[in-house]
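Student: This is the structure, below, for whatever I ask next.
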Amino acid sequence: MDLFDAIDSRRSYRGIFKTEPVPREDLLKIMEAGLAAPSGCNKQTTSLIAIDDREILDKIKAVIDPPVAATAPSAICVLTQRINAYRDKCFATQDYSAAIENMLLAIEALGYSSCWIEGHITDDDKINLKMAQILNVPSDYELVCYLPVGIAAEEAKMPMKKVFDQRAWFNSFPADKGAEG
């Protein structure tokens with residue numbers, strides 16, 4: 001699939017997945033795409049765990065409450081390390097965000113669907129800590145995102161997007177688009 005086609009067709013998919021497993025070779029390609037993302041000061045703060053073992057995946061899904069992507073045949077958990085880089089700034093959020101977007105595009109290009117699940121697992125109930133315990137994640141890593149991976153059983157809906165000229169311009173912010181005051 002062409003990169004621009006993958007960008008245009010990618011959707012957050014929260015529906016039912018087909019039971020067909022995702023070959024490990026495809027999960028490897030997806031993870032390689034994620035790890036190829038840029039990283040602030042090359043600190044490489046992002047790590048990944050792919051889950052294709054049904055027993056482990058069932059344990060992970062059991063702690064996600066309310067359930068999400070319960071029928072996905074595989075998943076990738078995104079981990080980060082909070083490592084300071086340039087001028088004592090940490091770019092972990094930017095690092096893992098770039099990795100996630102690369103993986104979402106790779107998932108789309110390979111014919112699968114997914115959804116960036118972060119807030120749901122990192123909220124006050126700290127589902128991510130339960131997930132990390134199941135996956136034996138060391139305490140100096142934080143599990144920050146869950147990407148279900150599989151073939152969508154139904155078509156994902158296109159969200160409403162503002163038109164281009166409402167969000168992007170050349171050379172300056174338009175004078176007529178300023179904050180109301």
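Identifiers in this document derive from the order of the structure tokens: chains are assigned A, B, ..., residues are numbered from 1 separately in each chain, and ligands are numbered from 1 in order of occurrence.
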What are the closest atom pairs, with distances in Å to one decimal, for all residues of range 87-153 of chain A lying within 8 Å of range 65-79 of chain A? Consider only C-alpha atoms, order rows by chain and residue number, and present the result as JSON lines.
Tutor:
{"residue": "A:Tyr96", "atom": "CA", "partner": "A:Val78", "partner_atom": "CA", "distance": 7.3}
{"residue": "A:Ile100", "atom": "CA", "partner": "A:Val78", "partner_atom": "CA", "distance": 7.8}
{"residue": "A:Ile127", "atom": "CA", "partner": "A:Asp65", "partner_atom": "CA", "distance": 7.8}
{"residue": "A:Tyr141", "atom": "CA", "partner": "A:Leu79", "partner_atom": "CA", "distance": 6.1}
{"residue": "A:Glu142", "atom": "CA", "partner": "A:Leu79", "partner_atom": "CA", "distance": 5.3}
{"residue": "A:Leu143", "atom": "CA", "partner": "A:Leu79", "partner_atom": "CA", "distance": 4.3}
{"residue": "A:Val144", "atom": "CA", "partner": "A:Leu79", "partner_atom": "CA", "distance": 5.7}
{"residue": "A:Cys145", "atom": "CA", "partner": "A:Val78", "partner_atom": "CA", "distance": 5.0}
{"residue": "A:Tyr146", "atom": "CA", "partner": "A:Cys77", "partner_atom": "CA", "distance": 4.7}
{"residue": "A:Leu147", "atom": "CA", "partner": "A:Ile76", "partner_atom": "CA", "distance": 5.0}
{"residue": "A:Pro148", "atom": "CA", "partner": "A:Ala75", "partner_atom": "CA", "distance": 4.2}
{"residue": "A:Val149", "atom": "CA", "partner": "A:Ala75", "partner_atom": "CA", "distance": 5.1}
{"residue": "A:Gly150", "atom": "CA", "partner": "A:Ala72", "partner_atom": "CA", "distance": 5.5}
Student: Give me the residues within 9 Å of Ala36 in chain A as an mmCIF file with C-alpha atoms, in the first residue's frame, counting only C-alpha atoms and dropping any in the same chain fewer than 4 places off.
Tutor:
data_model
loop_
_atom_site.group_PDB
_atom_site.id
_atom_site.type_symbol
_atom_site.label_atom_id
_atom_site.label_comp_id
_atom_site.auth_asym_id
_atom_site.auth_seq_id
_atom_site.Cartn_x
_atom_site.Cartn_y
_atom_site.Cartn_z
ATOM 1 C CA MET A 31 7.278 -3.445 15.573
ATOM 2 C CA GLU A 32 10.248 -2.712 13.309
ATOM 3 C CA ALA A 99 6.565 4.949 17.208
ATOM 4 C CA ASN A 102 4.524 4.433 12.493
#
Student: From the options A:Ser113, A:Phe173, A:Leu129, A:His120, which residue's atoms come nearest to Arg11 in chain A, counting only C-alpha atoms?
Tutor: A:Ser113
Student: Can you work out the spacing between CA of Asn42 in chain A and CA of Gly119 in chain A in Å, to one decimal?
Tutor: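 Computing it gives 25.9 Å between the two atoms.
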Student: Quick one, how far is CA of Lys157 in chain A from CA of Ala6 in chain A?
Tutor: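 Distance reported for this atom pair: 15.3 Å.
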Student: Between CA of Ile117 in chain A and CA of Ser12 in chain A, what distance in Å does the model show, to one decimal?
Tutor: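 Between CA of Ile117 in chain A and CA of Ser12 in chain A the gap works out to 9.4 Å.
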Student: Check range 7-101 of chain A with DSSP on the backbone and list each residue it calls helix (DSSP H, G or I), as a PyMOL selection string.
Tutor: chain A and resi 7-9+24-35+40-42+54-63+86-88+92-101
Student: Could those selected residues go to a file with C-alpha atoms, as a PDB file, in the first residue's frame?
Tutor:
ATOM      1  CA  ILE A   7      -2.508   7.686   5.896  1.00  0.00           C
ATOM      2  CA  ASP A   8      -5.854   8.442   4.225  1.00  0.00           C
ATOM      3  CA  SER A   9      -7.457   5.076   4.969  1.00  0.00           C
ATOM      4  CA  ARG A  24       4.391 -13.266  13.757  1.00  0.00           C
ATOM      5  CA  GLU A  25       6.250 -12.008  10.655  1.00  0.00           C
ATOM      6  CA  ASP A  26       3.669  -9.232  10.313  1.00  0.00           C
ATOM      7  CA  LEU A  27       3.891  -8.350  14.009  1.00  0.00           C
ATOM      8  CA  LEU A  28       7.660  -8.164  13.570  1.00  0.00           C
ATOM      9  CA  LYS A  29       7.278  -5.788  10.594  1.00  0.00           C
ATOM     10  CA  ILE A  30       4.906  -3.599  12.602  1.00  0.00           C
ATOM     11  CA  MET A  31       7.278  -3.445  15.573  1.00  0.00           C
ATOM     12  CA  GLU A  32      10.248  -2.712  13.309  1.00  0.00           C
ATOM     13  CA  ALA A  33       8.278   0.204  11.846  1.00  0.00           C
ATOM     14  CA  GLY A  34       7.671   1.492  15.367  1.00  0.00           C
ATOM     15  CA  LEU A  35      11.298   1.228  16.384  1.00  0.00           C
ATOM     16  CA  GLY A  40      14.689  12.738  20.808  1.00  0.00           C
ATOM     17  CA  CYS A  41      18.488  12.900  21.083  1.00  0.00           C
ATOM     18  CA  ASN A  42      18.438   9.244  19.975  1.00  0.00           C
ATOM     19  CA  ARG A  54      -3.830 -16.597  23.473  1.00  0.00           C
ATOM     20  CA  GLU A  55      -3.361 -17.318  27.204  1.00  0.00           C
ATOM     21  CA  ILE A  56      -1.321 -14.157  27.825  1.00  0.00           C
ATOM     22  CA  LEU A  57      -3.622 -12.067  25.635  1.00  0.00           C
ATOM     23  CA  ASP A  58      -6.648 -13.317  27.582  1.00  0.00           C
ATOM     24  CA  LYS A  59      -4.986 -12.296  30.861  1.00  0.00           C
ATOM     25  CA  ILE A  60      -4.292  -8.813  29.452  1.00  0.00           C
ATOM     26  CA  LYS A  61      -7.835  -8.422  28.148  1.00  0.00           C
ATOM     27  CA  ALA A  62      -9.263  -9.540  31.507  1.00  0.00           C
ATOM     28  CA  VAL A  63      -7.802  -6.497  33.300  1.00  0.00           C
ATOM     29  CA  TYR A  86      18.798  17.623  25.824  1.00  0.00           C
ATOM     30  CA  ARG A  87      18.896  20.287  28.597  1.00  0.00           C
ATOM     31  CA  ASP A  88      17.344  17.854  31.046  1.00  0.00           C
ATOM     32  CA  ALA A  92       9.617   9.995  25.924  1.00  0.00           C
ATOM     33  CA  THR A  93       6.078  11.091  24.992  1.00  0.00           C
ATOM     34  CA  GLN A  94       7.207  12.332  21.585  1.00  0.00           C
ATOM     35  CA  ASP A  95       9.281   9.178  21.085  1.00  0.00           C
ATOM     36  CA  TYR A  96       6.512   6.716  21.787  1.00  0.00           C
ATOM     37  CA  SER A  97       3.945   8.822  19.902  1.00  0.00           C
ATOM     38  CA  ALA A  98       6.106   8.705  16.767  1.00  0.00           C
ATOM     39  CA  ALA A  99       6.565   4.949  17.208  1.00  0.00           C
ATOM     40  CA  ILE A 100       2.820   4.408  17.642  1.00  0.00           C
ATOM     41  CA  GLU A 101       1.954   6.391  14.525  1.00  0.00           C
TER      42      GLU A 101
END
Student: Looking only at the backbone, which of the residues in range 10-148 of chain A does DSSP tag as strand (DSSP E), as a ChimeraX atom specification?
Tutor: /A:46-51,74-80,142-148
Student: Name all residues at most 12 Å from Phe4 in chain A (count only C-alpha atoms; drop same-chain ones fewer than 6 positions away) and give them as a list of chain:residue names.
Tutor: A:Arg10, A:Leu105, A:Ala106, A:Glu108, A:Ala109
Student: Rank nothing, just name the residue among A:Arg14, A:Asn171, A:Asp140, A:Asp2 nearest to Trp116 in chain A, using only C-alpha atoms.
Tutor: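 Nearest candidate to Trp116 in chain A out of A:Arg14, A:Asn171, A:Asp140, A:Asp2: A:Arg14.
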Student: Quick one: of A:Ile64, A:Thr80, A:Asp52, A:Asp5, who's nearest to Pro138 in chain A, counting only C-alpha atoms?
Tutor: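 Closest candidate: A:Thr80.
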Student: In terms of the shortest atom-to-atom distance over only C-alpha atoms, which of A:Ala152, A:Ile107, A:Phe170, A:Ile51 is closest to Met131 in chain A?
Tutor: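 Selected residue with least distance to Met131 in chain A: A:Ile51.
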